[in-house]
file input-v1.txt (compact mmCIF, C-alpha atoms)
# COMPACT_ATOMS: atom_id res chain seq x y z
CA MET Y 1 95.42 49.08 22.64
CA SER Y 2 96.05 51.17 19.54
CA GLU Y 3 99.57 51.46 18.15
CA ALA Y 4 99.67 55.19 18.97
CA ARG Y 5 98.62 54.69 22.57
CA LYS Y 6 101.05 51.82 23.07
CA THR Y 7 103.94 53.89 21.67
CA PHE Y 8 102.95 56.82 23.91
CA TRP Y 9 103.14 54.58 27.01
CA ASP Y 10 106.49 53.18 25.84
CA GLY Y 11 107.73 56.77 25.84
CA VAL Y 12 106.33 57.39 29.33
CA ARG Y 13 108.00 54.23 30.64
CA ALA Y 14 111.36 55.11 29.06
CA GLU Y 15 111.22 58.49 30.79
CA LEU Y 16 110.52 57.19 34.28
CA PRO Y 17 114.09 56.34 35.36
CA LEU Y 18 115.22 59.84 34.41
CA LEU Y 19 112.68 61.42 36.74
CA VAL Y 20 114.67 60.39 39.81
CA GLY Y 21 117.18 63.06 38.88
CA VAL Y 22 114.68 65.54 37.47
CA PHE Y 23 112.41 65.84 40.51
CA PRO Y 24 115.02 67.13 43.00
CA PHE Y 25 116.47 69.30 40.24
CA GLY Y 26 113.09 70.96 39.71
CA MET Y 27 112.66 71.45 43.44
CA ILE Y 28 116.06 73.08 43.78
CA TYR Y 29 115.21 75.35 40.85
CA GLY Y 30 111.91 76.40 42.48
CA ALA Y 31 113.56 77.15 45.81
CA LEU Y 32 116.45 79.07 44.19
CA ALA Y 33 114.20 81.14 41.97
CA LEU Y 34 112.27 82.30 45.01
CA ASP Y 35 115.56 82.92 46.84
CA ALA Y 36 116.78 85.06 43.91
CA GLY Y 37 113.79 87.36 44.36
CA LEU Y 38 111.44 86.13 41.67
CA SER Y 39 107.77 86.05 42.56
CA LYS Y 40 106.09 82.70 43.11
CA GLY Y 41 104.12 83.16 39.90
CA ALA Y 42 107.19 84.01 37.80
CA SER Y 43 109.21 81.16 39.33
CA GLN Y 44 106.48 78.67 38.47
CA MET Y 45 105.72 80.03 35.00
CA MET Y 46 109.37 80.03 33.95
CA SER Y 47 109.17 76.22 34.11
CA SER Y 48 106.55 76.20 31.37
CA ILE Y 49 107.54 79.30 29.37
CA VAL Y 50 111.28 78.60 29.14
CA PHE Y 51 111.08 74.91 30.12
CA ALA Y 52 114.84 74.26 30.09
CA GLY Y 53 116.55 73.35 33.37
CA SER Y 54 120.03 74.77 32.99
CA ALA Y 55 118.77 77.98 31.32
CA GLN Y 56 116.33 78.48 34.20
CA PHE Y 57 119.12 78.04 36.75
CA VAL Y 58 121.34 80.50 34.92
CA THR Y 59 118.48 83.02 34.66
CA THR Y 60 117.89 82.69 38.39
CA GLN Y 61 121.57 83.39 39.03
CA LEU Y 62 121.66 86.42 36.73
CA VAL Y 63 118.44 87.85 38.19
CA SER Y 64 119.93 87.70 41.69
CA ASP Y 65 123.08 89.41 40.35
CA ALA Y 66 120.84 92.10 38.79
CA ALA Y 67 122.29 91.50 35.31
CA PRO Y 68 120.68 93.51 32.47
CA ALA Y 69 117.88 91.90 30.47
CA LEU Y 70 119.86 91.71 27.25
CA VAL Y 71 122.66 89.77 28.94
CA ILE Y 72 120.16 87.35 30.49
CA ILE Y 73 118.52 86.74 27.12
CA MET Y 74 121.87 86.28 25.34
CA THR Y 75 122.95 83.84 28.03
CA ILE Y 76 119.74 81.81 27.72
CA ALA Y 77 120.41 81.65 23.97
CA VAL Y 78 123.99 80.40 24.44
CA VAL Y 79 123.01 77.87 27.11
CA ASN Y 80 120.28 76.46 24.87
CA LEU Y 81 122.29 76.34 21.63
CA ARG Y 82 122.73 72.60 22.09
CA HIS Y 83 119.03 72.09 21.39
CA MET Y 84 119.77 72.75 17.73
CA LEU Y 85 121.72 69.50 17.77
CA TYR Y 86 118.75 67.61 19.15
CA SER Y 87 116.51 69.26 16.60
CA ALA Y 88 118.84 68.21 13.78
CA SER Y 89 119.15 64.71 15.17
CA LEU Y 90 115.40 64.02 15.43
CA ALA Y 91 114.34 65.92 12.31
CA PRO Y 92 114.55 62.92 9.93
CA TYR Y 93 112.14 60.95 12.12
CA LEU Y 94 109.59 63.76 12.34
CA LYS Y 95 109.74 65.06 8.77
CA ASP Y 96 106.33 63.82 7.64
CA LEU Y 97 104.35 65.23 10.59
CA SER Y 98 101.97 68.18 10.42
CA LEU Y 99 103.17 71.59 11.53
CA LYS Y 100 101.09 71.32 14.74
CA TRP Y 101 102.88 68.13 15.74
CA LYS Y 102 106.26 69.62 14.91
CA VAL Y 103 105.51 72.66 17.09
CA LEU Y 104 104.27 70.55 20.00
CA LEU Y 105 107.18 68.11 19.90
CA SER Y 106 109.71 70.94 19.54
CA TYR Y 107 108.32 72.58 22.67
CA LEU Y 108 108.80 69.28 24.55
CA LEU Y 109 112.32 68.64 23.20
CA THR Y 110 114.43 68.85 26.39
CA ASP Y 111 117.68 66.99 27.16
CA GLU Y 112 115.76 64.37 29.12
CA ALA Y 113 113.11 63.79 26.45
CA TYR Y 114 115.67 63.76 23.66
CA ALA Y 115 117.93 61.11 25.19
CA PRO Y 116 115.49 58.15 25.38
CA SER Y 117 113.73 59.13 22.14
CA ALA Y 118 116.94 59.32 20.11
CA LEU Y 119 117.91 55.88 21.41
CA GLU Y 120 114.49 54.46 20.58
CA TYR Y 121 114.45 55.91 17.04
CA GLU Y 122 117.92 54.64 16.34
CA ARG Y 123 116.73 51.19 17.37
CA THR Y 124 113.36 51.08 15.60
CA GLY Y 125 113.80 53.49 12.68
CA VAL Y 126 110.84 55.53 11.40
CA LYS Y 127 107.44 54.01 12.05
CA PRO Y 128 104.09 55.69 11.36
CA LYS Y 129 103.36 56.23 15.06
CA SER Y 130 106.86 56.72 16.40
CA HIS Y 131 106.27 60.41 17.21
CA TRP Y 132 103.97 59.26 20.04
CA PHE Y 133 107.06 57.99 21.84
CA LEU Y 134 108.59 61.48 22.04
CA LEU Y 135 105.19 62.84 23.08
CA GLY Y 136 105.01 60.31 25.93
CA ALA Y 137 108.54 61.00 27.14
CA GLY Y 138 108.23 64.77 26.71
CA PHE Y 139 104.83 65.10 28.34
CA THR Y 140 105.90 63.00 31.34
CA LEU Y 141 108.95 65.15 31.85
CA TRP Y 142 106.93 68.35 31.43
CA SER Y 143 104.38 67.33 34.06
CA ILE Y 144 107.02 66.32 36.60
CA TRP Y 145 108.98 69.51 35.95
CA GLN Y 146 105.91 71.64 36.75
CA ILE Y 147 105.06 69.65 39.88
CA SER Y 148 108.63 69.59 41.21
CA THR Y 149 108.95 73.35 40.63
CA ALA Y 150 105.80 73.90 42.67
CA PHE Y 151 107.18 71.72 45.47
CA GLY Y 152 110.44 73.70 45.43
CA ILE Y 153 108.62 77.03 45.63
CA PHE Y 154 106.51 75.72 48.50
CA LEU Y 155 109.48 74.32 50.44
CA GLY Y 156 111.87 77.11 49.47
CA ALA Y 157 109.84 79.61 51.43
CA ALA Y 158 110.35 77.45 54.53
CA ILE Y 159 114.15 76.95 54.24
CA PRO Y 160 116.15 79.06 56.72
CA GLU Y 161 118.56 81.67 55.37
CA ASN Y 162 121.70 80.19 56.97
CA TRP Y 163 121.36 76.94 55.00
CA GLN Y 164 123.15 78.73 52.13
CA LEU Y 165 120.77 77.35 49.57
CA ASP Y 166 122.30 79.50 46.80
CA PHE Y 167 125.35 77.19 46.92
CA ALA Y 168 123.16 74.44 45.45
CA LEU Y 169 123.45 76.25 42.12
CA PRO Y 170 127.20 75.87 41.48
CA LEU Y 171 126.91 72.38 42.96
CA THR Y 172 124.23 71.47 40.43
CA PHE Y 173 126.46 72.74 37.64
CA ILE Y 174 129.44 70.78 39.01
CA ALA Y 175 127.28 67.64 38.96
CA MET Y 176 126.45 68.32 35.31
CA VAL Y 177 129.92 69.30 34.06
CA VAL Y 178 132.28 66.88 35.78
CA PRO Y 179 130.87 63.64 34.31
CA ALA Y 180 131.09 65.23 30.82
CA LEU Y 181 134.85 65.81 31.13
CA LYS Y 182 135.77 62.63 29.30
CA ASN Y 183 138.50 63.89 26.99
CA ARG Y 184 141.07 66.66 26.57
CA PRO Y 185 139.00 69.04 24.44
CA MET Y 186 136.16 68.95 27.00
CA ILE Y 187 138.57 69.62 29.86
CA ALA Y 188 140.26 72.40 27.86
CA ALA Y 189 136.86 73.99 27.15
CA ALA Y 190 135.81 73.87 30.80
CA VAL Y 191 139.10 75.10 32.26
CA SER Y 192 139.66 77.91 29.73
CA ALA Y 193 136.08 79.15 30.20
CA GLY Y 194 136.55 79.09 33.96
CA MET Y 195 139.84 81.03 33.80
CA VAL Y 196 138.42 83.69 31.49
CA ALA Y 197 135.38 83.98 33.75
CA LEU Y 198 137.68 84.71 36.70
CA ALA Y 199 139.78 87.22 34.74
CA ALA Y 200 136.75 88.96 33.22
CA TYR Y 201 134.63 88.93 36.38
CA GLY Y 202 134.89 92.69 36.74
CA LEU Y 203 133.42 93.44 33.31
CA PRO Y 204 130.14 95.34 33.43
CA PHE Y 205 126.74 93.71 32.86
CA LYS Y 206 128.01 90.19 33.58
CA LEU Y 207 129.47 90.17 30.05
CA GLY Y 208 132.39 88.15 31.37
CA LEU Y 209 130.13 85.11 31.39
CA ILE Y 210 129.40 85.29 27.67
CA LEU Y 211 133.04 86.08 26.84
CA ALA Y 212 134.19 83.11 28.94
CA ALA Y 213 131.65 80.73 27.40
CA MET Y 214 132.66 81.77 23.87
CA THR Y 215 136.33 81.25 24.72
CA GLY Y 216 135.65 77.76 26.08
CA ILE Y 217 133.63 76.79 23.01
CA VAL Y 218 136.37 77.97 20.62
CA ILE Y 219 139.19 76.34 22.63
CA GLY Y 220 137.33 73.02 22.81
CA THR Y 221 136.62 73.03 19.08
CA VAL Y 222 140.21 73.93 18.19
CA PHE Y 223 141.58 71.23 20.48
CA GLU Y 224 139.29 68.64 18.93
CA GLY Y 225 140.52 69.63 15.45
CA LYS Y 226 144.12 68.97 16.50
CA LYS Y 227 143.53 65.41 17.60
CA MET J 1 113.14 95.04 31.56
CA ASN J 2 110.31 93.13 33.14
CA ILE J 3 111.09 89.54 34.18
CA TRP J 4 108.02 88.29 32.32
CA LEU J 5 109.26 89.82 29.09
CA ILE J 6 112.71 88.27 29.64
CA MET J 7 111.10 84.87 30.19
CA LEU J 8 108.92 85.24 27.12
CA ILE J 9 111.81 86.17 24.83
CA GLY J 10 114.04 83.52 26.44
CA GLY J 11 111.27 80.95 25.94
CA LEU J 12 110.76 81.93 22.30
CA ILE J 13 114.50 81.66 21.61
CA THR J 14 114.61 78.24 23.30
CA PHE J 15 111.60 77.05 21.32
CA GLY J 16 113.12 78.48 18.14
CA MET J 17 116.26 76.42 18.59
CA ARG J 18 114.34 73.24 19.28
CA PHE J 19 112.07 73.87 16.31
CA SER J 20 114.75 75.16 13.90
CA LEU J 21 116.06 72.01 12.24
CA ILE J 22 112.90 69.97 12.65
CA PHE J 23 111.24 72.72 10.61
CA LEU J 24 114.09 73.18 8.15
CA PHE J 25 114.70 69.47 7.55
CA GLY J 26 116.14 68.92 4.07
CA LYS J 27 116.67 72.66 3.51
CA PHE J 28 119.52 73.32 5.89
CA GLU J 29 122.22 71.23 7.53
CA ILE J 30 124.35 72.28 10.48
CA PRO J 31 127.92 72.81 9.22
CA GLU J 32 130.42 70.31 10.65
CA THR J 33 132.43 72.91 12.60
CA MET J 34 129.32 74.26 14.29
CA ARG J 35 128.18 70.76 15.11
CA LYS J 36 131.49 70.18 16.87
CA ALA J 37 131.35 73.53 18.63
CA LEU J 38 127.87 72.87 20.04
CA HIS J 39 129.21 69.96 22.10
CA TYR J 40 131.35 72.39 24.07
CA VAL J 41 128.55 74.77 25.00
CA PRO J 42 127.44 73.09 28.25
CA PRO J 43 130.89 72.61 29.86
CA ALA J 44 131.99 76.10 28.79
CA VAL J 45 128.93 77.96 30.08
CA LEU J 46 128.63 76.02 33.30
CA SER J 47 132.34 76.28 34.15
CA ALA J 48 132.18 80.01 33.51
CA ILE J 49 129.61 80.17 36.31
CA ILE J 50 131.22 77.63 38.65
CA PHE J 51 134.73 79.14 38.84
CA PRO J 52 133.76 82.64 40.05
CA GLU J 53 131.09 81.19 42.36
CA LEU J 54 133.75 79.18 44.17
CA LEU J 55 136.63 81.63 44.05
CA TYR J 56 135.22 85.15 44.38
CA ARG J 57 134.47 86.30 47.91
CA SER J 58 133.29 89.91 48.28
CA SER J 59 134.51 90.77 44.76
CA GLN J 60 138.05 89.49 45.04
CA ILE J 61 139.66 86.12 44.41
CA ASP J 62 140.15 84.14 47.61
CA PHE J 63 142.49 81.19 47.08
CA SER J 64 142.97 80.48 50.79
CA LEU J 65 141.89 77.58 52.97
CA GLY J 66 139.53 79.97 54.70
CA ASN J 67 137.36 79.97 51.57
CA THR J 68 134.80 77.37 52.60
CA ARG J 69 132.93 77.49 49.29
CA LEU J 70 136.10 76.64 47.39
CA LEU J 71 136.84 73.69 49.67
CA ALA J 72 133.26 72.41 49.56
CA GLY J 73 133.29 72.87 45.78
CA VAL J 74 136.44 70.77 45.41
CA ILE J 75 134.85 68.05 47.58
CA ALA J 76 131.76 68.17 45.33
CA ILE J 77 133.94 67.90 42.20
CA LEU J 78 135.51 64.74 43.63
CA ALA J 79 132.08 63.39 44.56
CA ALA J 80 130.84 64.08 41.01
CA TRP J 81 133.91 62.47 39.47
CA PHE J 82 133.61 59.23 41.42
CA SER J 83 129.84 58.90 41.80
CA ARG J 84 128.59 60.50 38.54
CA ASN J 85 125.39 61.06 40.52
CA THR J 86 123.75 64.50 40.48
CA LEU J 87 121.85 64.28 43.72
CA LEU J 88 124.73 62.76 45.68
CA THR J 89 127.06 65.51 44.41
CA ILE J 90 124.72 68.29 45.51
CA LEU J 91 124.11 66.73 48.92
CA THR J 92 127.84 66.10 49.52
CA GLY J 93 128.70 69.68 48.59
CA MET J 94 125.96 71.21 50.77
CA ILE J 95 126.86 69.10 53.79
CA ALA J 96 130.58 69.82 53.27
CA LEU J 97 129.89 73.57 53.21
CA LEU J 98 127.74 73.52 56.34
CA LEU J 99 130.27 71.37 58.23
CA LEU J 100 133.25 73.48 57.16
CA GLN J 101 131.48 76.65 58.22
CA ALA J 102 130.54 75.14 61.56
CA VAL J 103 134.15 74.01 62.13
CA MET J 104 135.74 77.28 61.03
CA GLY J 105 133.14 79.37 62.74
CA THR J 106 132.43 81.65 59.78
call {"tool": "encode", "arguments": {"input": "input-v1.txt", "output": "structure tokens"}}
result
Amino acid sequence: MSEARKTFWDGVRAELPLLVGVFPFGMIYGALALDAGLSKGASQMMSSIVFAGSAQFVTTQLVSDAAPALVIIMTIAVVNLRHMLYSASLAPYLKDLSLKWKVLLSYLLTDEAYAPSALEYERTGVKPKSHWFLLGAGFTLWSIWQISTAFGIFLGAAIPENWQLDFALPLTFIAMVVPALKNRPMIAAAVSAGMVALAAYGLPFKLGLILAAMTGIVIGTVFEGKK
Amino acid sequence: MNIWLIMLIGGLITFGMRFSLIFLFGKFEIPETMRKALHYVPPAVLSAIIFPELLYRSSQIDFSLGNTRLLAGVIAILAAWFSRNTLLTILTGMIALLLLQAVMGT
């Protein structure tokens, strides 16, 4: 087997354990998007056009709250800011690639593709074919994300109203936030953002969300500086 | 605005962020303060959604025991803290909500 193909399959294999969490997540997204009033086509296509789990969940939420377009777009931007960190972190390993490769791998650079790839690159350093690893991990995740979304859309239509499916959204976020609360600055960021969100809930256009997020980010950063 | 246009712009912004520093490698570094700040984006944004979802009932804060979503949310937070498992947390929270509503008859 060629070096490129072998590295690609290494990436696929490294991604597999993460799919256990991704598949139900994609299904819940598909079902919620439909529940929020998006068409089947739009729900499905968001998984390839935006291709970012938490941003898709937030968009779903804001669409069902009838938030204005500008607020939805700003929120997607804030939620996805962290991808700049991933981009910075992998950049040294991808610097010699062609523009086409850089574009393709950037499109595939999700949380779940970044995590195993960053670990692998730290371990092996830069090798001529190491970008195939990220391609393998990213492509595997992409495929499963599309399939699980489709499953969710299919099943979502069959779930009865009184199951309160919309509650799965804050629950998903709780499952993501709580394990990250490992130190004081993180807790301060989460709690201050939550408090401001409650206080600013009445603001028009769902602007309270952005205000609260900004507050949490500043508080967390300031707290970290004081340590 | 049309949902497709929102998705397209949202997708371009997302791609732009993923592409940004891979493209600019060697020409631009993220300043240290911003690098720190970026770590706080996920907990801040997600908490800003979680708190009102649990506490607001028909546009006012409901801090009572009759608020089944708040109770189920707290149970889910405990489940997340001890299990660190996404799926288990979601399932625990959903089952807690359905049981609480059945018990309280709301």
call {"tool": "residues_near_point", "arguments": {"input": "input-v1.txt", "point": "(117.0, 73.5, 19.2)", "cutoff": "8 Å", "atoms": "only C-alpha atoms", "output": "VMD selection string"}}
result
(chain Y and resid 80 to 88 106 109) or (chain J and resid 14 to 21)
call {"tool": "closest_residue", "arguments": {"input": "input-v1.txt", "among": "J:Ala79, J:Leu97, J:Ile90, J:Leu5", "to": "chain Y", "atoms": "only C-alpha atoms"}}
result
J:Ile90
call {"tool": "residues_around", "arguments": {"input": "input-v1.txt", "residues": "Arg57 of chain J", "least_positions_apart": "5", "cutoff": "12 Å", "atoms": "all atoms listed in the file", "output": "list in words"}}
result
Leu198 and Tyr201 of chain Y; Phe51, Pro52, Asp62, Phe63, Ser64, Gly66, Asn67, Thr68, Arg69 and Leu70 of chain J
call {"tool": "residues_around", "arguments": {"input": "input-v1.txt", "residues": "segment 10-19 of chain Y", "least_positions_apart": "5", "cutoff": "6 Å", "atoms": "all atoms listed in the file", "output": "tab-separated table (two decimals) with C-alpha atoms, keeping the file's coordinate frame"}}
result
chain	number	residue	atom	x	y	z
Y	133	PHE	CA	107.06	57.99	21.84
Y	136	GLY	CA	105.01	60.31	25.93
Y	137	ALA	CA	108.54	61.00	27.14
Y	140	THR	CA	105.90	63.00	31.34
call {"tool": "interface_residues", "arguments": {"input": "input-v1.txt", "of": "chain J", "to": "chain Y", "cutoff": "6 Å", "atoms": "all atoms listed in the file", "output": "PDB file with C-alpha atoms, in the frame of the given file"}}
result
ATOM      1  CA  MET J   1     113.140  95.040  31.560  1.00  0.00           C
ATOM      2  CA  GLY J  10     114.040  83.520  26.440  1.00  0.00           C
ATOM      3  CA  GLY J  11     111.270  80.950  25.940  1.00  0.00           C
ATOM      4  CA  PHE J  15     111.600  77.050  21.320  1.00  0.00           C
ATOM      5  CA  MET J  17     116.260  76.420  18.590  1.00  0.00           C
ATOM      6  CA  ARG J  18     114.340  73.240  19.280  1.00  0.00           C
ATOM      7  CA  PHE J  19     112.070  73.870  16.310  1.00  0.00           C
ATOM      8  CA  LEU J  21     116.060  72.010  12.240  1.00  0.00           C
ATOM      9  CA  ILE J  22     112.900  69.970  12.650  1.00  0.00           C
ATOM     10  CA  PHE J  25     114.700  69.470   7.550  1.00  0.00           C
ATOM     11  CA  ALA J  37     131.350  73.530  18.630  1.00  0.00           C
ATOM     12  CA  LEU J  38     127.870  72.870  20.040  1.00  0.00           C
ATOM     13  CA  TYR J  40     131.350  72.390  24.070  1.00  0.00           C
ATOM     14  CA  VAL J  41     128.550  74.770  25.000  1.00  0.00           C
ATOM     15  CA  PRO J  43     130.890  72.610  29.860  1.00  0.00           C
ATOM     16  CA  ALA J  44     131.990  76.100  28.790  1.00  0.00           C
ATOM     17  CA  VAL J  45     128.930  77.960  30.080  1.00  0.00           C
ATOM     18  CA  LEU J  46     128.630  76.020  33.300  1.00  0.00           C
ATOM     19  CA  SER J  47     132.340  76.280  34.150  1.00  0.00           C
ATOM     20  CA  ALA J  48     132.180  80.010  33.510  1.00  0.00           C
ATOM     21  CA  ILE J  50     131.220  77.630  38.650  1.00  0.00           C
ATOM     22  CA  PHE J  51     134.730  79.140  38.840  1.00  0.00           C
ATOM     23  CA  PRO J  52     133.760  82.640  40.050  1.00  0.00           C
ATOM     24  CA  ALA J  80     130.840  64.080  41.010  1.00  0.00           C
ATOM     25  CA  TRP J  81     133.910  62.470  39.470  1.00  0.00           C
ATOM     26  CA  ARG J  84     128.590  60.500  38.540  1.00  0.00           C
ATOM     27  CA  THR J  86     123.750  64.500  40.480  1.00  0.00           C
ATOM     28  CA  THR J  89     127.060  65.510  44.410  1.00  0.00           C
ATOM     29  CA  ILE J  90     124.720  68.290  45.510  1.00  0.00           C
TER      30      ILE J  90
END
call {"tool": "atom_distance", "arguments": {"input": "input-v1.txt", "atom1": "atom CA of Tyr114 of chain Y", "atom2": "atom CA of His131 of chain Y"}}
result
11.9 Å
call {"tool": "closest_residue", "arguments": {"input": "input-v1.txt", "among": "Y:Ser43, Y:Trp145, Y:Arg5, Y:Gly30", "to": "Trp4 of chain J", "atoms": "only C-alpha atoms"}}
result
Y:Ser43
call {"tool": "atom_distance", "arguments": {"input": "input-v1.txt", "atom1": "atom CA of Gly73 of chain J", "atom2": "atom CA of Val71 of chain Y"}}
result
26.1 Å
call {"tool": "atom_distance", "arguments": {"input": "input-v1.txt", "atom1": "atom CA of Leu54 of chain J", "atom2": "atom CA of Leu78 of chain J"}}
result
14.6 Å
call {"tool": "decode", "arguments": {"input": "input-v1.txt", "residues": "segment 43-96 of chain J", "atoms": "C-alpha atoms", "output": "CSV table (one decimal), in the first residue's frame"}}
result
chain,number,residue,atom,x,y,z
J,43,PRO,CA,-18.4,27.7,27.6
J,44,ALA,CA,-19.5,31.3,27.3
J,45,VAL,CA,-21.7,30.9,24.2
J,46,LEU,CA,-23.2,27.6,25.3
J,47,SER,CA,-24.0,28.8,28.9
J,48,ALA,CA,-25.6,31.9,27.5
J,49,ILE,CA,-28.1,29.5,25.8
J,50,ILE,CA,-28.4,27.0,28.6
J,51,PHE,CA,-29.4,29.4,31.4
J,52,PRO,CA,-32.4,31.0,29.8
J,53,GLU,CA,-33.5,27.7,28.3
J,54,LEU,CA,-33.8,26.2,31.8
J,55,LEU,CA,-35.0,29.3,33.7
J,56,TYR,CA,-37.3,31.2,31.4
J,57,ARG,CA,-40.9,29.9,31.3
J,58,SER,CA,-43.3,32.0,29.2
J,59,SER,CA,-40.9,35.0,29.2
J,60,GLN,CA,-40.3,35.2,32.9
J,61,ILE,CA,-37.8,33.6,35.3
J,62,ASP,CA,-39.2,30.6,37.1
J,63,PHE,CA,-37.0,29.6,40.0
J,64,SER,CA,-39.6,27.3,41.6
J,65,LEU,CA,-39.7,23.5,42.0
J,66,GLY,CA,-42.6,23.5,39.5
J,67,ASN,CA,-40.1,24.3,36.7
J,68,THR,CA,-39.5,20.8,35.4
J,69,ARG,CA,-37.0,21.9,32.8
J,70,LEU,CA,-34.8,23.5,35.5
J,71,LEU,CA,-35.0,20.3,37.6
J,72,ALA,CA,-34.2,18.1,34.7
J,73,GLY,CA,-31.4,20.4,33.6
J,74,VAL,CA,-29.8,20.2,37.1
J,75,ILE,CA,-30.0,16.4,36.9
J,76,ALA,CA,-28.4,16.5,33.5
J,77,ILE,CA,-25.6,18.8,34.8
J,78,LEU,CA,-24.9,16.2,37.6
J,79,ALA,CA,-25.0,13.4,35.0
J,80,ALA,CA,-22.5,15.3,32.8
J,81,TRP,CA,-20.2,16.1,35.7
J,82,PHE,CA,-20.0,12.5,36.9
J,83,SER,CA,-20.2,10.6,33.6
J,84,ARG,CA,-18.5,13.0,31.2
J,85,ASN,CA,-20.5,11.2,28.5
J,86,THR,CA,-22.6,13.2,26.0
J,87,LEU,CA,-25.1,10.6,25.1
J,88,LEU,CA,-25.7,9.5,28.7
J,89,THR,CA,-26.2,13.2,29.7
J,90,ILE,CA,-28.8,13.8,27.0
J,91,LEU,CA,-30.7,10.6,27.8
J,92,THR,CA,-30.7,11.2,31.5
J,93,GLY,CA,-32.0,14.8,31.0
J,94,MET,CA,-34.8,13.7,28.6
J,95,ILE,CA,-36.0,10.9,30.8
J,96,ALA,CA,-35.8,13.1,33.9
